[in-house]
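S.K.: Below are the structure tokens for one structure; questions will follow.
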Amino acid sequence: MRVLKTRNLWLLSAACALSAACSVGSAQPGGQTSAAPATTVYEGERIIVGDGTTTIENGAIVVQGNRITAVGKAGEVQVPATATHVDLKGKTVMPTIIDLHSHLGYENTPKNDEDESNFTRENLIDHLERFAYTGHALTHSLGNDNPEVFDVRYAQDPSKFSDLRVDSQQDSFNGARYYTIGRGLAWEGTANPRSSAPYPIFKPLQATLAVRELHAQGIKFAKLWLEDRGGYQVPGQKGPFVLTQDAYTAAIKEAHRLGMKTIGHVKTLADTKAMIKAGLDIQTHPIQDVPVDAEMIALVKSHPDFWLIPVMTPAGQGGSAPRQPGERPKWLDDPLLRAVKCDADLDRWGESFVKNKRVPTPTGNMTGENITALYKAGVHIAFGSHDAGGTRPLGWGSHMELEAFVNWTGMKPYQAIVAATSDSAKLLGVDDVLGSIAVGKSADFIVLNANPLDDITNTRKIADVYLHGRKLDRPAMAAKWKAACNAVRQTD
């Protein structure tokens, strides 16, 4: 079993601690050593390295087993005589996407419904495969995930337990790598409405103990929901009833003591300021109530390690691409989207745009303008799709979000790509293995039929996806999902 190494050994060690048994590596019979893995050179393509500065024309990527061993100009890199050659002339290669904000497991995609009963290991794997198909190496589920898939103590049958986080890193796994914040912390009834999994937090001690369990499960980020969603109301008291300042401050303090970071689901300016002052590391979602002010700009500048995962694209408006009121979005016919979402559901979605006549604005309204102001102030921007299903199609929403980065924040396409690859890998702590096309890193890359530096929507024009040095059988994946869609239609 190969897993992400060096800084990410915490994931394997935590999984071993929570599993009945764990073994790493495999000895060969009689002390024999295994043969060297096969070498393949991919040549003739344009290579977008993912570091924001390097693009190689007529490039070559040498892969041995699941690792990149050389990157450079074709004809200038050393290639073993026994290597297999793959001609990619006319193609563009970019790193696979690192998605830091998804909600996995709750959608039954063929039935187009979201429910807690859908959260199973099998459904999670289906979702991870959809992310892989659309060009992702990894997705970070921001809750709330039932711990039965990553903690043997919660497993339905402990004798059959296997940690999906570790399993998803095997070379043979067909999906994106699975990372999770676990359950997350919220005032009762104010977290992810899809799930009852979050820790219900009313007091600081509850927050502290919840963070300790997350740490014991090998989870690196504690998510804190701070939004009034009509949760539990204390009799005789006046709201809003949300995660209290004392509680989230205790969670942040304990997370930092344990070497963890905190992610705040927070959408108001006042709450965002208060959480940053308490030590919040990462905000996800835009500020939606008022424009950011000079105090906020000064605050983020005084916290240079603060990050923002915007998830700025409102799916209900159909993304950021300009169109006329009542016009059906052209992206509904994108073959990549049609592969991961049922045609009938997309057709109904298209009809809703014709009826409601909602269209995106040039700036993304206040939310887009606030993200732009923070980006221009120098805040680190990482990437999250917010894909959960429904009108955030699993895996495809990342491509809509990339377009919004360019259309609304003023990013150049290469800057949006960096945010979605190397910068997100850095924030998650996997940049030693993922996030760019470089020697020593995992052979994870997307082969595109067009150049996204010319048009960011070209990230959707995927010819092939490679994970762990292995080309996915995307036609078989698409055929499987199409059959599932057809089966549901026949029973309706």
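Starting from 1 in every chain, residues are counted up; chains themselves are A, B, ... following the order of the structure tokens, and ligands are numbered from 1 as listed.
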With segment 190-212 of chain A as the partner and 7 Å as the cut-off, tabulate the residues of segment 219-238 of chain A that qualify, each row holding the nearest pair of atoms and their distance in Å to one decimal, using only C-alpha atoms, sorted by chain and rising number, as JSON lines.

M.R.:
```
{"residue": "A:Ala222", "atom": "CA", "partner": "A:Val211", "partner_atom": "CA", "distance": 6.6}
{"residue": "A:Trp225", "atom": "CA", "partner": "A:Ala191", "partner_atom": "CA", "distance": 5.7}
{"residue": "A:Glu227", "atom": "CA", "partner": "A:Thr190", "partner_atom": "CA", "distance": 6.4}
{"residue": "A:Asp228", "atom": "CA", "partner": "A:Thr190", "partner_atom": "CA", "distance": 6.2}
{"residue": "A:Arg229", "atom": "CA", "partner": "A:Thr190", "partner_atom": "CA", "distance": 4.9}
{"residue": "A:Gly230", "atom": "CA", "partner": "A:Thr190", "partner_atom": "CA", "distance": 6.7}
{"residue": "A:Gly231", "atom": "CA", "partner": "A:Thr190", "partner_atom": "CA", "distance": 5.1}
```

S.K.: May I have the residues within 8 Å of segment 392-406 of chain A as a PyMOL selection string, using only C-alpha atoms and disregarding those fewer than 4 positions away in the same chain?

M.R.: chain A and resi 99+127+130-136+311-313+315+319-321+336-337+340-341+384-388+410-413+416-417+420+456-457+459-460

S.K.: Run DSSP on the backbone and give me the residues of segment 154-313 of chain A it puts in helix (DSSP H, G or I), as an MDAnalysis selection string.

M.R.: chainID A and resid 154 158:160 164:167 204:216 245:257 269:277 294:301

S.K.: Can those selected residues be exported to a file as a short mmCIF file (atom, residue, chain, number, x, y, z; two decimals), in the first residue's frame so that it contains N, CA and C atoms?

M.R.:
```
data_model
loop_
_atom_site.label_atom_id
_atom_site.label_comp_id
_atom_site.auth_asym_id
_atom_site.auth_seq_id
_atom_site.Cartn_x
_atom_site.Cartn_y
_atom_site.Cartn_z
N TYR A 154 -16.72 3.61 15.58
CA TYR A 154 -18.07 3.95 15.13
C TYR A 154 -18.57 3.02 14.02
N PRO A 158 -17.07 -3.64 13.14
CA PRO A 158 -15.63 -3.38 13.31
C PRO A 158 -14.73 -4.43 12.65
N SER A 159 -15.21 -5.66 12.51
CA SER A 159 -14.37 -6.70 11.91
C SER A 159 -14.14 -6.46 10.43
N LYS A 160 -14.98 -5.66 9.80
CA LYS A 160 -14.84 -5.37 8.38
C LYS A 160 -14.38 -3.94 8.11
N LEU A 164 -11.33 4.67 5.06
CA LEU A 164 -11.42 5.13 3.68
C LEU A 164 -10.35 6.17 3.36
N ARG A 165 -9.90 6.92 4.34
CA ARG A 165 -8.84 7.89 4.07
C ARG A 165 -7.57 7.20 3.56
N VAL A 166 -7.24 6.08 4.18
CA VAL A 166 -6.05 5.32 3.77
C VAL A 166 -6.31 4.56 2.48
N ASP A 167 -7.47 3.93 2.40
CA ASP A 167 -7.79 3.16 1.19
C ASP A 167 -7.77 4.03 -0.06
N PRO A 204 -17.81 25.83 26.35
CA PRO A 204 -16.40 25.70 25.97
C PRO A 204 -15.82 24.30 26.20
N LEU A 205 -16.18 23.65 27.30
CA LEU A 205 -15.63 22.33 27.56
C LEU A 205 -16.04 21.34 26.47
N GLN A 206 -17.29 21.42 26.00
CA GLN A 206 -17.71 20.54 24.92
C GLN A 206 -16.87 20.77 23.67
N ALA A 207 -16.56 22.02 23.40
CA ALA A 207 -15.73 22.35 22.23
C ALA A 207 -14.33 21.77 22.38
N THR A 208 -13.76 21.90 23.56
CA THR A 208 -12.42 21.38 23.81
C THR A 208 -12.37 19.87 23.63
N LEU A 209 -13.34 19.18 24.20
CA LEU A 209 -13.36 17.72 24.11
C LEU A 209 -13.59 17.25 22.68
N ALA A 210 -14.43 17.96 21.94
CA ALA A 210 -14.67 17.59 20.55
C ALA A 210 -13.40 17.70 19.73
N VAL A 211 -12.66 18.77 19.92
CA VAL A 211 -11.40 18.96 19.18
C VAL A 211 -10.41 17.85 19.54
N ARG A 212 -10.40 17.44 20.80
CA ARG A 212 -9.49 16.36 21.19
C ARG A 212 -9.84 15.05 20.48
N GLU A 213 -11.12 14.77 20.32
CA GLU A 213 -11.46 13.54 19.61
C GLU A 213 -11.08 13.64 18.14
N LEU A 214 -11.30 14.78 17.52
CA LEU A 214 -10.89 14.95 16.13
C LEU A 214 -9.39 14.71 15.98
N HIS A 215 -8.63 15.25 16.90
CA HIS A 215 -7.17 15.06 16.84
C HIS A 215 -6.82 13.58 16.97
N ALA A 216 -7.51 12.88 17.85
CA ALA A 216 -7.24 11.45 18.03
C ALA A 216 -7.58 10.65 16.78
N GLN A 245 -19.00 32.77 21.35
CA GLN A 245 -17.60 33.20 21.26
C GLN A 245 -16.73 32.43 22.23
N ASP A 246 -17.22 32.17 23.42
CA ASP A 246 -16.45 31.39 24.39
C ASP A 246 -16.17 29.99 23.86
N ALA A 247 -17.18 29.38 23.21
CA ALA A 247 -17.02 28.02 22.71
C ALA A 247 -16.04 27.97 21.55
N TYR A 248 -16.18 28.87 20.57
CA TYR A 248 -15.26 28.76 19.43
C TYR A 248 -13.85 29.20 19.81
N THR A 249 -13.73 30.10 20.77
CA THR A 249 -12.40 30.47 21.24
C THR A 249 -11.71 29.29 21.91
N ALA A 250 -12.47 28.54 22.70
CA ALA A 250 -11.92 27.33 23.34
C ALA A 250 -11.50 26.30 22.30
N ALA A 251 -12.31 26.15 21.25
CA ALA A 251 -11.97 25.20 20.19
C ALA A 251 -10.70 25.62 19.46
N ILE A 252 -10.57 26.89 19.15
CA ILE A 252 -9.39 27.39 18.45
C ILE A 252 -8.13 27.20 19.32
N LYS A 253 -8.26 27.53 20.59
CA LYS A 253 -7.12 27.39 21.50
C LYS A 253 -6.67 25.93 21.59
N GLU A 254 -7.62 25.01 21.73
CA GLU A 254 -7.27 23.60 21.86
C GLU A 254 -6.70 23.06 20.55
N ALA A 255 -7.28 23.47 19.43
CA ALA A 255 -6.77 23.03 18.13
C ALA A 255 -5.32 23.44 17.96
N HIS A 256 -5.01 24.68 18.30
CA HIS A 256 -3.63 25.16 18.15
C HIS A 256 -2.69 24.44 19.12
N ARG A 257 -3.16 24.13 20.31
CA ARG A 257 -2.32 23.39 21.26
C ARG A 257 -1.95 22.03 20.70
N LEU A 269 -19.63 40.08 8.62
CA LEU A 269 -18.38 40.82 8.83
C LEU A 269 -18.00 40.83 10.30
N ALA A 270 -18.95 41.11 11.18
CA ALA A 270 -18.64 41.20 12.61
C ALA A 270 -18.14 39.86 13.15
N ASP A 271 -18.80 38.77 12.78
CA ASP A 271 -18.38 37.46 13.26
C ASP A 271 -17.02 37.06 12.70
N THR A 272 -16.78 37.42 11.44
CA THR A 272 -15.48 37.10 10.85
C THR A 272 -14.35 37.81 11.59
N LYS A 273 -14.56 39.08 11.88
CA LYS A 273 -13.55 39.82 12.63
C LYS A 273 -13.30 39.18 13.99
N ALA A 274 -14.37 38.84 14.68
CA ALA A 274 -14.23 38.27 16.02
C ALA A 274 -13.50 36.94 15.98
N MET A 275 -13.79 36.12 14.98
CA MET A 275 -13.14 34.82 14.90
C MET A 275 -11.66 34.96 14.55
N ILE A 276 -11.33 35.90 13.68
CA ILE A 276 -9.91 36.12 13.34
C ILE A 276 -9.16 36.60 14.59
N LYS A 277 -9.76 37.50 15.34
CA LYS A 277 -9.12 37.98 16.57
C LYS A 277 -8.93 36.84 17.57
N ALA A 294 -12.37 49.06 6.23
CA ALA A 294 -10.94 49.28 6.45
C ALA A 294 -10.42 48.49 7.63
N GLU A 295 -11.25 48.33 8.67
CA GLU A 295 -10.82 47.54 9.82
C GLU A 295 -10.57 46.10 9.43
N MET A 296 -11.43 45.55 8.59
CA MET A 296 -11.26 44.16 8.16
C MET A 296 -9.99 44.02 7.32
N ILE A 297 -9.76 44.96 6.43
CA ILE A 297 -8.55 44.91 5.61
C ILE A 297 -7.31 44.98 6.48
N ALA A 298 -7.32 45.88 7.47
CA ALA A 298 -6.18 45.99 8.38
C ALA A 298 -6.00 44.72 9.19
N LEU A 299 -7.12 44.10 9.58
CA LEU A 299 -7.06 42.89 10.39
C LEU A 299 -6.41 41.74 9.63
N VAL A 300 -6.81 41.53 8.38
CA VAL A 300 -6.23 40.42 7.63
C VAL A 300 -4.77 40.70 7.29
N LYS A 301 -4.42 41.96 7.09
CA LYS A 301 -3.02 42.28 6.82
C LYS A 301 -2.15 42.03 8.05
#
```

S.K.: Report the distance between atom CA of Lys357 of chain A and atom CA of Lys330 of chain A in Å, rounded to one decimal place.

M.R.: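 Separation of atom CA of Lys357 of chain A and atom CA of Lys330 of chain A: 14.5 Å.
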
S.K.: Need to verify the contact set: Tyr106 of chain A, 9 Å, only C-alpha atoms, exclusion of same-chain residues closer than 2 positions in sequence. Can you return it as a PDB file with C-alpha atoms, in the first residue's frame?

M.R.:
```pdb
ATOM      1  CA  HIS A 103     -19.766  17.843   1.100  1.00  0.00           C
ATOM      2  CA  LEU A 104     -19.598  14.155   0.306  1.00  0.00           C
ATOM      3  CA  ASN A 108     -27.818   9.820  -4.354  1.00  0.00           C
ATOM      4  CA  ASP A 113     -31.849  13.492  -3.715  1.00  0.00           C
ATOM      5  CA  GLU A 114     -29.847  14.370  -0.622  1.00  0.00           C
ATOM      6  CA  ASP A 115     -30.426  12.546   2.634  1.00  0.00           C
ATOM      7  CA  GLU A 116     -28.450  11.347   5.619  1.00  0.00           C
ATOM      8  CA  SER A 117     -29.423   7.764   4.828  1.00  0.00           C
ATOM      9  CA  ASN A 118     -27.361   7.981   1.629  1.00  0.00           C
ATOM     10  CA  PHE A 119     -24.127   8.381   3.610  1.00  0.00           C
ATOM     11  CA  THR A 120     -22.401   5.039   3.114  1.00  0.00           C
ATOM     12  CA  ASN A 123     -21.750   6.206  -1.918  1.00  0.00           C
ATOM     13  CA  LEU A 124     -18.666   8.063  -0.754  1.00  0.00           C
ATOM     14  CA  ARG A 194     -27.824  17.390   5.422  1.00  0.00           C
ATOM     15  CA  SER A 195     -26.543  15.738   8.572  1.00  0.00           C
ATOM     16  CA  ALA A 388     -22.426  18.559  -2.609  1.00  0.00           C
ATOM     17  CA  GLY A 389     -24.758  17.437  -5.369  1.00  0.00           C
TER      18      GLY A 389
END
```

S.K.: For atom CA of Trp331 of chain A and atom CA of Arg474 of chain A, determine how far apart the two atoms are, in Å to one decimal place.

M.R.: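 Value for the atom CA of Trp331 of chain A-atom CA of Arg474 of chain A distance: 20.2 Å.
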
S.K.: With only C-alpha atoms as the basis for distance, which of A:Thr55, A:Ser141, A:Ser168, A:Gln288 is at the shortest distance from Phe221 of chain A?

M.R.: A:Ser141

S.K.: Can you tell me which residues surround Gly182 of chain A at a distance of at most 8 Å, considering only C-alpha atoms, apart from same-chain residues fewer than 4 positions away, and format the answer as a short mmCIF file (atom, residue, chain, number, x, y, z; two decimals) with C-alpha atoms, in the first residue's frame?

M.R.:
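Result saved to selection.cif:
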```cif
data_model
loop_
_atom_site.label_atom_id
_atom_site.label_comp_id
_atom_site.auth_asym_id
_atom_site.auth_seq_id
_atom_site.Cartn_x
_atom_site.Cartn_y
_atom_site.Cartn_z
CA SER A 141 -14.99 16.96 2.83
CA LEU A 142 -16.00 19.80 5.12
CA GLY A 143 -18.77 17.93 6.83
CA ASN A 144 -20.38 16.54 8.39
CA ASP A 145 -19.06 13.06 7.83
CA ASN A 146 -20.24 10.05 9.78
CA PRO A 147 -17.11 8.75 11.53
CA LEU A 214 -10.89 14.95 16.13
CA ILE A 219 -7.98 15.00 11.59
#
```

S.K.: Can you pull out every residue from segment 36-128 of chain A that DSSP, working from the backbone, puts in strand (DSSP E), and format the result as a compact mmCIF listing (two decimals) with N, CA and C atoms, in the first residue's frame?

M.R.:
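Written file, result-v3.txt:
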```
# COMPACT_ATOMS: atom_id res chain seq x y z
N THR A 39 8.50 2.47 -16.55
CA THR A 39 8.72 3.89 -16.81
C THR A 39 7.96 4.29 -18.08
N THR A 40 7.29 5.43 -18.01
CA THR A 40 6.56 5.98 -19.15
C THR A 40 6.94 7.44 -19.31
N VAL A 41 7.14 7.88 -20.55
CA VAL A 41 7.39 9.28 -20.82
C VAL A 41 6.23 9.84 -21.64
N TYR A 42 5.67 10.94 -21.17
CA TYR A 42 4.57 11.64 -21.84
C TYR A 42 5.20 12.87 -22.50
N GLU A 43 5.12 12.95 -23.82
CA GLU A 43 5.94 13.95 -24.50
C GLU A 43 5.18 14.69 -25.59
N GLY A 44 5.65 15.92 -25.82
CA GLY A 44 5.11 16.76 -26.87
C GLY A 44 4.06 17.74 -26.39
N GLU A 45 3.66 17.65 -25.14
CA GLU A 45 2.57 18.48 -24.62
C GLU A 45 3.07 19.82 -24.08
N ARG A 46 2.13 20.73 -23.88
CA ARG A 46 2.38 21.93 -23.08
C ARG A 46 2.18 21.55 -21.62
N ILE A 47 3.12 21.92 -20.76
CA ILE A 47 3.03 21.57 -19.34
C ILE A 47 2.83 22.84 -18.53
N ILE A 48 1.69 22.93 -17.86
CA ILE A 48 1.46 23.98 -16.86
C ILE A 48 1.89 23.38 -15.53
N THR A 55 5.70 27.44 -17.60
CA THR A 55 4.98 26.70 -18.62
C THR A 55 6.01 26.17 -19.61
N ILE A 56 5.95 24.90 -19.89
CA ILE A 56 6.93 24.26 -20.76
C ILE A 56 6.24 23.85 -22.06
N GLU A 57 6.70 24.39 -23.16
CA GLU A 57 6.18 23.99 -24.47
C GLU A 57 6.97 22.78 -24.96
N ASN A 58 6.29 21.90 -25.69
CA ASN A 58 6.93 20.67 -26.19
C ASN A 58 7.65 19.96 -25.04
N GLY A 59 6.87 19.68 -24.00
CA GLY A 59 7.45 19.15 -22.78
C GLY A 59 7.51 17.63 -22.74
N ALA A 60 8.08 17.16 -21.65
CA ALA A 60 8.15 15.73 -21.39
C ALA A 60 8.05 15.50 -19.88
N ILE A 61 7.24 14.54 -19.51
CA ILE A 61 7.11 14.12 -18.12
C ILE A 61 7.47 12.65 -18.05
N VAL A 62 8.48 12.32 -17.26
CA VAL A 62 8.89 10.93 -17.10
C VAL A 62 8.32 10.41 -15.78
N VAL A 63 7.61 9.29 -15.86
CA VAL A 63 6.96 8.71 -14.70
C VAL A 63 7.47 7.29 -14.50
N GLN A 64 7.93 6.99 -13.31
CA GLN A 64 8.31 5.63 -12.96
C GLN A 64 7.38 5.16 -11.85
N ARG A 67 5.45 7.85 -9.50
CA ARG A 67 6.16 9.09 -9.22
C ARG A 67 6.73 9.73 -10.47
N ILE A 68 6.80 11.04 -10.45
CA ILE A 68 7.44 11.78 -11.52
C ILE A 68 8.94 11.80 -11.27
N THR A 69 9.73 11.40 -12.26
CA THR A 69 11.18 11.35 -12.09
C THR A 69 11.91 12.40 -12.92
N ALA A 70 11.21 13.00 -13.88
CA ALA A 70 11.85 14.06 -14.67
C ALA A 70 10.77 14.89 -15.34
N VAL A 71 11.02 16.19 -15.45
CA VAL A 71 10.13 17.12 -16.15
C VAL A 71 11.00 18.11 -16.91
N GLY A 72 10.68 18.36 -18.17
CA GLY A 72 11.45 19.33 -18.93
C GLY A 72 11.04 19.34 -20.38
N LYS A 73 11.92 19.85 -21.22
CA LYS A 73 11.68 19.88 -22.65
C LYS A 73 11.88 18.49 -23.25
N THR A 84 8.15 3.39 -22.06
CA THR A 84 7.03 3.49 -22.99
C THR A 84 6.79 4.97 -23.30
N HIS A 85 6.56 5.29 -24.58
CA HIS A 85 6.37 6.67 -24.99
C HIS A 85 4.89 6.91 -25.30
N VAL A 86 4.36 8.01 -24.75
CA VAL A 86 2.98 8.42 -25.01
C VAL A 86 3.02 9.80 -25.66
N ASP A 87 2.49 9.87 -26.87
CA ASP A 87 2.52 11.12 -27.64
C ASP A 87 1.36 12.01 -27.22
N THR A 92 -2.53 19.90 -23.55
CA THR A 92 -1.99 20.66 -22.42
C THR A 92 -2.14 19.81 -21.18
N VAL A 93 -1.10 19.76 -20.37
CA VAL A 93 -1.12 18.99 -19.12
C VAL A 93 -1.03 19.96 -17.95
N MET A 94 -1.89 19.80 -16.97
CA MET A 94 -1.86 20.61 -15.75
C MET A 94 -1.99 19.70 -14.54
N PRO A 95 -1.63 20.19 -13.35
CA PRO A 95 -1.80 19.36 -12.16
C PRO A 95 -3.28 19.08 -11.89
N ILE A 97 -6.63 18.89 -9.59
CA ILE A 97 -7.21 19.88 -8.68
C ILE A 97 -7.20 19.36 -7.24
N ILE A 98 -6.91 20.26 -6.31
CA ILE A 98 -6.99 19.99 -4.88
C ILE A 98 -8.18 20.80 -4.35
N ASP A 99 -9.26 20.13 -4.06
CA ASP A 99 -10.50 20.79 -3.65
C ASP A 99 -10.61 20.75 -2.13
N LEU A 100 -10.67 21.92 -1.50
CA LEU A 100 -10.65 22.00 -0.05
C LEU A 100 -12.03 22.21 0.58
N HIS A 101 -13.08 22.15 -0.21
CA HIS A 101 -14.41 22.32 0.39
C HIS A 101 -15.45 21.57 -0.44
N SER A 102 -15.77 20.38 0.02
CA SER A 102 -16.87 19.62 -0.60
C SER A 102 -17.74 19.06 0.52
N GLU A 107 -25.65 12.89 -1.33
CA GLU A 107 -26.47 12.84 -2.54
C GLU A 107 -26.49 11.44 -3.13
N ASN A 108 -27.67 10.96 -3.45
CA ASN A 108 -27.82 9.82 -4.35
C ASN A 108 -27.96 10.43 -5.75
N ASP A 113 -31.36 13.10 -5.03
CA ASP A 113 -31.85 13.49 -3.71
C ASP A 113 -30.70 13.48 -2.71
N GLU A 114 -30.85 14.28 -1.67
CA GLU A 114 -29.85 14.37 -0.62
C GLU A 114 -30.48 13.99 0.71
```

S.K.: Given only C-alpha atoms as the basis, pick out the residue of A:Ala176, A:Ile309, A:Val447, A:Ala438 nearest to His468 of chain A.

M.R.: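 Nearest to His468 of chain A: A:Ala176.
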